[in-house]
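Shown next: structure05.tsv, given as TSV, C-alpha atoms (C1' of nucleotides).
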```tsv
chain	number	residue	atom	x	y	z
A	882	MET	CA	201.11	105.20	59.32
A	883	GLY	CA	201.58	105.43	63.06
A	884	ILE	CA	199.28	105.02	65.99
A	885	GLN	CA	198.07	108.63	65.80
A	886	LYS	CA	196.39	108.17	62.44
A	887	THR	CA	195.01	104.84	63.55
A	888	PHE	CA	193.26	106.24	66.60
A	889	LYS	CA	192.07	109.31	64.73
A	890	ALA	CA	190.57	107.03	62.11
A	891	LEU	CA	188.85	104.94	64.76
A	892	SER	CA	187.49	107.95	66.66
A	893	ASP	CA	184.65	108.35	64.15
A	894	LYS	CA	181.58	106.14	64.46
A	895	ASN	CA	180.94	105.96	60.72
A	896	ARG	CA	184.49	104.80	60.09
A	897	ARG	CA	184.26	102.11	62.74
A	898	GLU	CA	181.06	100.91	61.12
A	899	ILE	CA	182.79	100.79	57.75
A	900	LEU	CA	185.35	98.44	59.27
A	901	ASP	CA	182.53	96.36	60.73
A	902	LEU	CA	180.97	96.08	57.28
A	903	LEU	CA	184.25	95.04	55.71
A	904	LYS	CA	184.54	92.11	58.11
A	905	GLU	CA	182.13	90.38	55.75
A	906	GLY	CA	184.53	90.77	52.86
A	907	PRO	CA	185.74	93.28	50.25
A	908	MET	CA	183.20	95.81	49.02
A	909	THR	CA	183.21	98.72	46.56
A	910	ALA	CA	183.12	102.33	47.75
A	911	GLY	CA	179.61	102.63	46.36
A	912	GLU	CA	178.33	99.55	48.16
A	913	ILE	CA	179.82	100.76	51.41
A	914	GLY	CA	178.25	104.17	50.88
A	915	GLN	CA	174.78	102.68	50.55
A	916	HIS	CA	174.91	101.76	54.22
A	917	PHE	CA	175.44	105.35	55.38
A	918	PRO	CA	173.42	108.55	55.01
A	919	VAL	CA	176.34	110.60	53.68
A	920	SER	CA	177.40	111.78	50.24
A	921	GLY	CA	179.84	109.86	48.07
A	922	ALA	CA	182.42	112.57	48.66
A	923	THR	CA	182.14	112.19	52.40
A	924	MET	CA	182.40	108.42	52.10
A	925	SER	CA	185.49	108.85	49.96
A	926	HIS	CA	186.99	111.05	52.67
A	927	HIS	CA	186.36	108.42	55.35
A	928	LEU	CA	187.79	105.66	53.20
A	929	SER	CA	190.82	107.81	52.55
A	930	MET	CA	191.44	108.25	56.28
A	931	LEU	CA	191.05	104.55	56.96
A	932	LYS	CA	193.41	103.78	54.10
A	933	ASP	CA	195.92	106.37	55.28
A	934	ALA	CA	195.84	104.74	58.70
A	935	GLY	CA	196.54	101.40	57.07
A	936	LEU	CA	193.30	99.90	58.31
A	937	ILE	CA	191.99	99.11	54.84
A	938	LEU	CA	193.48	98.34	51.43
A	939	ASP	CA	192.13	99.39	48.06
A	940	ASP	CA	192.09	97.43	44.85
A	941	ARG	CA	190.77	98.98	41.67
A	942	GLN	CA	189.03	96.60	39.29
A	943	GLY	CA	187.84	98.53	36.30
A	944	LYS	CA	185.29	101.15	37.26
A	945	TYR	CA	185.15	99.94	40.83
A	946	ILE	CA	187.52	100.24	43.74
A	947	TYR	CA	187.22	97.40	46.20
A	948	TYR	CA	188.11	98.05	49.82
A	949	GLU	CA	189.05	95.38	52.30
A	950	LEU	CA	190.25	95.17	55.88
A	951	ASN	CA	193.99	95.15	56.49
A	952	THR	CA	194.43	93.14	59.63
A	953	SER	CA	198.17	93.69	59.92
A	954	VAL	CA	197.65	97.15	61.39
A	955	VAL	CA	195.08	95.70	63.75
A	956	GLU	CA	197.96	93.76	65.29
A	957	GLU	CA	199.84	96.98	65.95
A	958	LEU	CA	196.74	98.42	67.59
A	959	ILE	CA	196.20	95.44	69.85
A	960	SER	CA	199.83	95.66	70.82
A	961	TRP	CA	199.50	99.33	71.80
A	962	VAL	CA	196.32	98.79	73.78
A	963	SER	CA	197.70	95.70	75.49
A	964	GLY	CA	200.65	97.80	76.58
A	965	LEU	CA	198.28	99.74	78.83
A	966	LYS	CA	197.64	96.63	80.85
A	967	GLY	CA	201.16	95.32	80.80
A	968	GLY	CA	202.61	97.35	83.68
A	969	ALA	CA	205.45	99.90	83.84
A	970	SER	CA	206.67	101.11	80.46
B	1007	MET	CA	181.06	104.93	78.80
B	1008	GLY	CA	180.96	103.23	75.43
B	1009	ILE	CA	183.52	102.63	72.77
B	1010	GLN	CA	182.92	106.06	71.20
B	1011	LYS	CA	184.23	107.98	74.19
B	1012	THR	CA	187.10	105.56	74.53
B	1013	PHE	CA	188.35	106.07	70.98
B	1014	LYS	CA	187.78	109.82	71.15
B	1015	ALA	CA	189.85	109.92	74.32
B	1016	LEU	CA	192.63	107.92	72.69
B	1017	SER	CA	192.66	110.00	69.52
B	1018	ASP	CA	194.69	112.72	71.25
B	1019	LYS	CA	198.44	112.27	71.59
B	1020	ASN	CA	198.66	114.10	74.93
B	1021	ARG	CA	195.99	111.88	76.41
B	1022	ARG	CA	197.72	108.72	75.23
B	1023	GLU	CA	200.92	109.98	76.82
B	1024	ILE	CA	199.06	110.59	80.07
B	1025	LEU	CA	198.05	106.95	80.06
B	1026	ASP	CA	201.65	105.97	79.37
B	1027	LEU	CA	202.76	107.99	82.36
B	1028	LEU	CA	200.17	106.39	84.61
B	1029	LYS	CA	201.52	102.94	83.81
B	1030	GLU	CA	204.18	103.75	86.38
B	1031	GLY	CA	201.55	104.25	89.06
B	1032	PRO	CA	199.04	106.79	90.40
B	1033	MET	CA	199.96	110.44	90.08
B	1034	THR	CA	198.34	113.77	90.96
B	1035	ALA	CA	196.91	116.08	88.31
B	1036	GLY	CA	199.71	118.52	89.00
B	1037	GLU	CA	202.46	115.94	88.63
B	1038	ILE	CA	200.98	114.75	85.36
B	1039	GLY	CA	200.72	118.34	84.15
B	1040	GLN	CA	204.42	118.93	84.70
B	1041	HIS	CA	205.15	116.51	81.87
B	1042	PHE	CA	203.18	118.52	79.30
B	1043	PRO	CA	203.46	122.07	77.99
B	1044	VAL	CA	199.80	122.92	78.59
B	1045	SER	CA	197.92	124.87	81.25
B	1046	GLY	CA	196.40	123.24	84.29
B	1047	ALA	CA	192.95	123.88	82.89
B	1048	THR	CA	193.81	122.06	79.69
B	1049	MET	CA	195.27	119.17	81.65
B	1050	SER	CA	192.10	119.04	83.72
B	1051	HIS	CA	190.08	118.84	80.52
B	1052	HIS	CA	192.15	115.92	79.23
B	1053	LEU	CA	191.91	114.09	82.53
B	1054	SER	CA	188.18	114.64	82.49
B	1055	MET	CA	187.87	113.05	79.05
B	1056	LEU	CA	189.97	110.07	80.06
B	1057	LYS	CA	187.90	109.66	83.20
B	1058	ASP	CA	184.64	110.00	81.29
B	1059	ALA	CA	185.85	107.25	78.97
B	1060	GLY	CA	186.57	105.09	81.99
B	1061	LEU	CA	190.26	104.85	81.17
B	1062	ILE	CA	191.37	106.38	84.47
B	1063	LEU	CA	190.02	106.64	88.00
B	1064	ASP	CA	190.35	109.56	90.38
B	1065	ASP	CA	190.90	109.49	94.10
B	1066	ARG	CA	191.00	112.70	96.07
B	1067	GLN	CA	193.33	112.72	99.04
B	1068	GLY	CA	193.18	116.08	100.73
B	1069	LYS	CA	194.34	118.82	98.40
B	1070	TYR	CA	195.43	116.36	95.75
B	1071	ILE	CA	193.54	114.22	93.29
B	1072	TYR	CA	195.36	111.08	92.34
B	1073	TYR	CA	194.69	109.57	88.95
B	1074	GLU	CA	195.37	105.99	88.03
B	1075	LEU	CA	194.83	103.68	85.08
B	1076	ASN	CA	191.61	101.69	84.96
B	1077	THR	CA	192.49	98.53	83.13
B	1078	SER	CA	188.99	97.12	83.06
B	1079	VAL	CA	188.03	99.39	80.16
B	1080	VAL	CA	191.23	98.38	78.41
B	1081	GLU	CA	189.75	94.89	78.23
B	1082	GLU	CA	186.70	96.22	76.44
B	1083	LEU	CA	188.97	98.02	73.98
B	1084	ILE	CA	191.06	94.95	73.25
B	1085	SER	CA	187.87	93.05	72.69
B	1086	TRP	CA	186.60	95.59	70.15
B	1087	VAL	CA	189.87	95.75	68.28
B	1088	SER	CA	190.27	91.98	68.28
B	1089	GLY	CA	186.85	91.78	66.71
B	1090	LEU	CA	188.30	93.34	63.58
B	1091	LYS	CA	190.51	90.33	63.09
B	1092	GLY	CA	188.01	87.74	64.13
B	1093	GLY	CA	186.17	87.32	60.84
B	1094	ALA	CA	182.53	87.96	59.90
B	1095	SER	CA	180.53	89.89	62.50
C	419	DC	C1'	185.42	110.02	20.39
C	420	DC	C1'	181.22	110.42	23.31
C	421	DT	C1'	178.36	109.04	27.09
C	422	DA	C1'	177.43	106.93	31.40
C	423	DT	C1'	178.99	105.35	35.87
C	424	DA	C1'	182.25	105.15	39.95
C	425	DT	C1'	185.14	107.55	42.70
C	426	DT	C1'	188.04	111.32	44.13
C	427	DT	C1'	189.39	116.17	44.65
C	428	DA	C1'	188.50	121.14	45.49
C	429	DG	C1'	186.46	124.59	47.96
C	430	DA	C1'	183.18	126.13	51.37
C	431	DT	C1'	180.71	125.83	55.77
C	432	DA	C1'	179.15	124.16	60.28
C	433	DA	C1'	180.29	121.46	64.26
C	434	DT	C1'	183.70	119.83	67.33
C	435	DT	C1'	187.78	120.14	69.96
C	436	DA	C1'	192.18	121.85	72.16
C	437	DT	C1'	193.72	125.54	74.26
C	438	DC	C1'	194.06	129.77	76.97
C	439	DT	C1'	192.97	133.20	80.91
C	440	DA	C1'	190.19	134.26	84.67
C	441	DA	C1'	187.13	132.88	88.12
C	442	DA	C1'	185.31	129.32	91.17
C	443	DT	C1'	185.66	125.38	94.32
C	444	DA	C1'	188.07	122.26	97.68
C	445	DA	C1'	191.14	121.44	101.32
C	446	DG	C1'	194.80	122.22	104.61
C	447	DA	C1'	197.30	125.37	107.59
C	448	DA	C1'	198.04	129.64	110.11
D	912	DT	C1'	188.34	133.07	109.23
D	913	DT	C1'	191.98	134.15	106.10
D	914	DC	C1'	195.73	132.65	103.15
D	915	DT	C1'	197.84	129.44	100.12
D	916	DT	C1'	197.88	125.58	97.04
D	917	DA	C1'	195.53	122.10	93.92
D	918	DT	C1'	192.20	121.43	90.74
D	919	DT	C1'	188.07	122.36	88.14
D	920	DT	C1'	184.72	125.24	85.66
D	921	DA	C1'	183.33	129.08	82.61
D	922	DG	C1'	183.79	131.57	78.63
D	923	DA	C1'	186.36	132.74	74.54
D	924	DT	C1'	189.19	131.71	70.48
D	925	DA	C1'	191.85	129.15	67.01
D	926	DA	C1'	192.54	124.79	64.82
D	927	DT	C1'	190.65	120.60	63.22
D	928	DT	C1'	187.21	117.80	61.22
D	929	DA	C1'	182.80	116.12	58.99
D	930	DT	C1'	179.98	117.33	55.67
D	931	DC	C1'	178.07	119.23	51.43
D	932	DT	C1'	177.91	120.60	46.28
D	933	DA	C1'	180.32	121.03	42.13
D	934	DA	C1'	184.04	119.84	39.31
D	935	DA	C1'	187.63	116.61	37.98
D	936	DT	C1'	189.48	112.01	36.98
D	937	DA	C1'	189.20	107.07	35.70
D	938	DT	C1'	187.19	103.41	33.26
D	939	DA	C1'	183.99	100.77	30.33
D	940	DG	C1'	181.08	100.43	26.43
D	941	DG	C1'	178.95	102.11	22.45
```

Structure rendered as structure tokens:
Amino acid sequence: MGIQKTFKALSDKNRREILDLLKEGPMTAGEIGQHFPVSGATMSHHLSMLKDAGLILDDRQGKYIYYELNTSVVEELISWVSGLKGGAS
Amino acid sequence: MGIQKTFKALSDKNRREILDLLKEGPMTAGEIGQHFPVSGATMSHHLSMLKDAGLILDDRQGKYIYYELNTSVVEELISWVSGLKGGAS
DNA sequence: CCTATATTTAGATAATTATCTAAATAAGAA
DNA sequence: TTCTTATTTAGATAATTATCTAAATATAGG
């Protein structure tokens, strides 16, 4: 994964809003898509970037793919950002 | 400022490395530039984005402009990221 | 197997961004 | 003022990215 992909993923407003949505719990790609004025293909692309960055996990259940937050990478992020405050590297 | 500019600023590796450098203390644009294989104009552009995001502050002293970390925006960032862990929005 | 639904992948295009060179601005020193 | 140095701004270009439509894949249910 790496911090580069994480920040790239978070640099898009739609993707940050997807994460916000997923705070409420797992949701299918289609359900997530209903909250945004973009095509399913575009939504799939955003989900793919978030997944590649490790920020979300996917879980196929039959026809549906459920996405959920992966908070373990959030820890890594907080650690990086906190490092900015910490003082000399 | 806003979280959008902050994440956009952090989505570039060079800019994150500039912040890393500035952990050691204030530095002029020229000194920062020496650490990267880019032109002065490109460095100026990166510094401008970091400044616009509120991540650094500038302080002209004669011919030089010193840049330094601005940790107050780092707080805002940590808060946003922590919100991902926190539970329902 | 065939059809319908959910999602992704492929390919194209428009917008954004990183970068460069050249020119402009700012400041100190001769 | 003129020259030199530090930095930014302007304008152009190449690379990246967000988005779309159309086609492909995956799965469930007749």

Taking all atoms listed in the file into account, report as a list in words which residues of chain D lie within 9 Å of chain B.
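Residues of chain D within 9 Å of chain B, counting all atoms listed in the file: DT916, DA917, DT918, DT919 and DT920 of chain D.
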
If we count all atoms listed in the file, what is near segment 922-932 of chain D at a cut-off of 12 Å, once residues fewer than 2 positions away on the same chain are taken out, given as a VMD selection string?
(chain A and resid 889 to 890 892 to 896 918 to 927 930) or (chain B and resid 1018) or (chain C and resid 428 to 441) or (chain D and resid 920 934)

Closest atom pairs, residues of chain B within 9 Å of chain A, only C-alpha atoms, as a tab-separated table:
```
residue	atom	partner	partner_atom	distance
B:Gln1010	CA	A:Ser892	CA	6.7
B:Lys1011	CA	A:Ser892	CA	8.2
B:Thr1012	CA	A:Ser892	CA	8.2
B:Phe1013	CA	A:Ser892	CA	4.8
B:Lys1014	CA	A:Ser892	CA	4.9
B:Ala1015	CA	A:Ser892	CA	8.3
B:Leu1016	CA	A:Phe888	CA	6.3
B:Ser1017	CA	A:Phe888	CA	4.8
B:Asp1018	CA	A:Gln885	CA	7.6
B:Lys1019	CA	A:Gln885	CA	6.8
B:Leu1025	CA	A:Leu965	CA	7.3
B:Asp1026	CA	A:Ser970	CA	7.1
B:Leu1027	CA	A:Ser970	CA	8.1
B:Leu1028	CA	A:Ala969	CA	8.4
B:Lys1029	CA	A:Ala969	CA	5.0
B:Glu1030	CA	A:Ala969	CA	4.8
B:Gly1031	CA	A:Ala969	CA	7.8
B:Leu1075	CA	A:Leu965	CA	8.2
B:Asn1076	CA	A:Lys966	CA	8.9
B:Thr1077	CA	A:Lys966	CA	5.9
B:Ser1078	CA	A:Lys966	CA	8.9
B:Val1080	CA	A:Val962	CA	6.9
B:Glu1081	CA	A:Ser963	CA	8.4
B:Leu1083	CA	A:Val962	CA	7.4
B:Ile1084	CA	A:Ile959	CA	6.2
B:Val1087	CA	A:Ile959	CA	6.5
B:Ser1088	CA	A:Ile959	CA	7.0
B:Gly1089	CA	A:Asp901	CA	8.7
B:Leu1090	CA	A:Lys904	CA	6.8
B:Lys1091	CA	A:Thr952	CA	5.9
B:Gly1092	CA	A:Lys904	CA	8.2
B:Gly1093	CA	A:Lys904	CA	5.7
B:Ala1094	CA	A:Glu905	CA	4.8
B:Ser1095	CA	A:Lys904	CA	6.3
```

Residues of chain C at most 8 Å from chain A: nearest atom pair and distance in Å, all atoms listed in the file, as CSV:
```
residue,atom,partner,partner_atom,distance
C:DT423,C1',A:Lys944,CA,7.7
C:DA424,C1',A:Lys944,CA,5.7
C:DT425,C1',A:Ser925,CA,7.4
C:DT426,C1',A:Ser925,CA,6.8
```

Quick one: pull the distance between atom CA of Leu1056 of chain B and atom CA of Glu1082 of chain B, Å, one decimal.
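It comes out at 14.7 Å.
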
Between atom CA of Phe1042 of chain B and atom CA of Tyr1072 of chain B, what is the distance in Å, rounded to a tenth?
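Between atom CA of Phe1042 of chain B and atom CA of Tyr1072 of chain B the gap works out to 16.9 Å.
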
Rebuild segment 1050-1076 of chain B so that it carries N, CA and C atoms, then output the result as a CSV table (one decimal), keeping the file's coordinate frame.
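Everything below was put into out-v1.csv:
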```
chain,number,residue,atom,x,y,z
B,1050,SER,N,193.3,119.5,83.1
B,1050,SER,CA,192.1,119.0,83.7
B,1050,SER,C,191.1,118.5,82.7
B,1051,HIS,N,191.0,119.2,81.6
B,1051,HIS,CA,190.1,118.8,80.5
B,1051,HIS,C,190.4,117.5,80.0
B,1052,HIS,N,191.7,117.2,79.7
B,1052,HIS,CA,192.2,115.9,79.2
B,1052,HIS,C,191.9,114.8,80.2
B,1053,LEU,N,192.2,115.1,81.5
B,1053,LEU,CA,191.9,114.1,82.5
B,1053,LEU,C,190.4,113.8,82.6
B,1054,SER,N,189.6,114.8,82.4
B,1054,SER,CA,188.2,114.6,82.5
B,1054,SER,C,187.7,113.7,81.4
B,1055,MET,N,188.3,113.9,80.2
B,1055,MET,CA,187.9,113.0,79.0
B,1055,MET,C,188.3,111.6,79.3
B,1056,LEU,N,189.5,111.4,79.8
B,1056,LEU,CA,190.0,110.1,80.1
B,1056,LEU,C,189.1,109.4,81.1
B,1057,LYS,N,188.7,110.2,82.1
B,1057,LYS,CA,187.9,109.7,83.2
B,1057,LYS,C,186.5,109.3,82.7
B,1058,ASP,N,186.0,110.2,81.9
B,1058,ASP,CA,184.6,110.0,81.3
B,1058,ASP,C,184.6,108.7,80.4
B,1059,ALA,N,185.7,108.5,79.8
B,1059,ALA,CA,185.8,107.2,79.0
B,1059,ALA,C,186.1,106.0,79.8
B,1060,GLY,N,186.3,106.2,81.1
B,1060,GLY,CA,186.6,105.1,82.0
B,1060,GLY,C,188.0,104.6,82.0
B,1061,LEU,N,188.9,105.3,81.3
B,1061,LEU,CA,190.3,104.8,81.2
B,1061,LEU,C,191.1,105.1,82.4
B,1062,ILE,N,190.7,106.1,83.2
B,1062,ILE,CA,191.4,106.4,84.5
B,1062,ILE,C,190.4,106.6,85.6
B,1063,LEU,N,190.8,106.4,86.8
B,1063,LEU,CA,190.0,106.6,88.0
B,1063,LEU,C,190.6,107.8,88.8
B,1064,ASP,N,189.8,108.5,89.5
B,1064,ASP,CA,190.4,109.6,90.4
B,1064,ASP,C,190.1,109.3,91.8
B,1065,ASP,N,190.9,109.8,92.7
B,1065,ASP,CA,190.9,109.5,94.1
B,1065,ASP,C,191.4,110.7,94.8
B,1066,ARG,N,190.5,111.5,95.4
B,1066,ARG,CA,191.0,112.7,96.1
B,1066,ARG,C,191.6,112.3,97.4
B,1067,GLN,N,192.7,112.9,97.7
B,1067,GLN,CA,193.3,112.7,99.0
B,1067,GLN,C,193.8,114.1,99.5
B,1068,GLY,N,192.9,114.7,100.3
B,1068,GLY,CA,193.2,116.1,100.7
B,1068,GLY,C,193.2,117.0,99.6
B,1069,LYS,N,194.2,117.8,99.5
B,1069,LYS,CA,194.3,118.8,98.4
B,1069,LYS,C,194.5,118.2,97.0
B,1070,TYR,N,195.0,117.0,97.0
B,1070,TYR,CA,195.4,116.4,95.8
B,1070,TYR,C,194.4,115.4,95.2
B,1071,ILE,N,194.4,115.3,93.9
B,1071,ILE,CA,193.5,114.2,93.3
B,1071,ILE,C,194.5,113.3,92.6
B,1072,TYR,N,194.5,112.1,93.0
B,1072,TYR,CA,195.4,111.1,92.3
B,1072,TYR,C,194.6,110.4,91.2
B,1073,TYR,N,195.3,110.3,90.1
B,1073,TYR,CA,194.7,109.6,89.0
B,1073,TYR,C,195.5,108.3,88.7
B,1074,GLU,N,194.7,107.3,88.3
B,1074,GLU,CA,195.4,106.0,88.0
B,1074,GLU,C,194.7,105.3,86.9
B,1075,LEU,N,195.4,104.4,86.2
B,1075,LEU,CA,194.8,103.7,85.1
B,1075,LEU,C,193.7,102.8,85.6
B,1076,ASN,N,192.7,102.6,84.7
B,1076,ASN,CA,191.6,101.7,85.0
B,1076,ASN,C,191.7,100.6,83.9
```
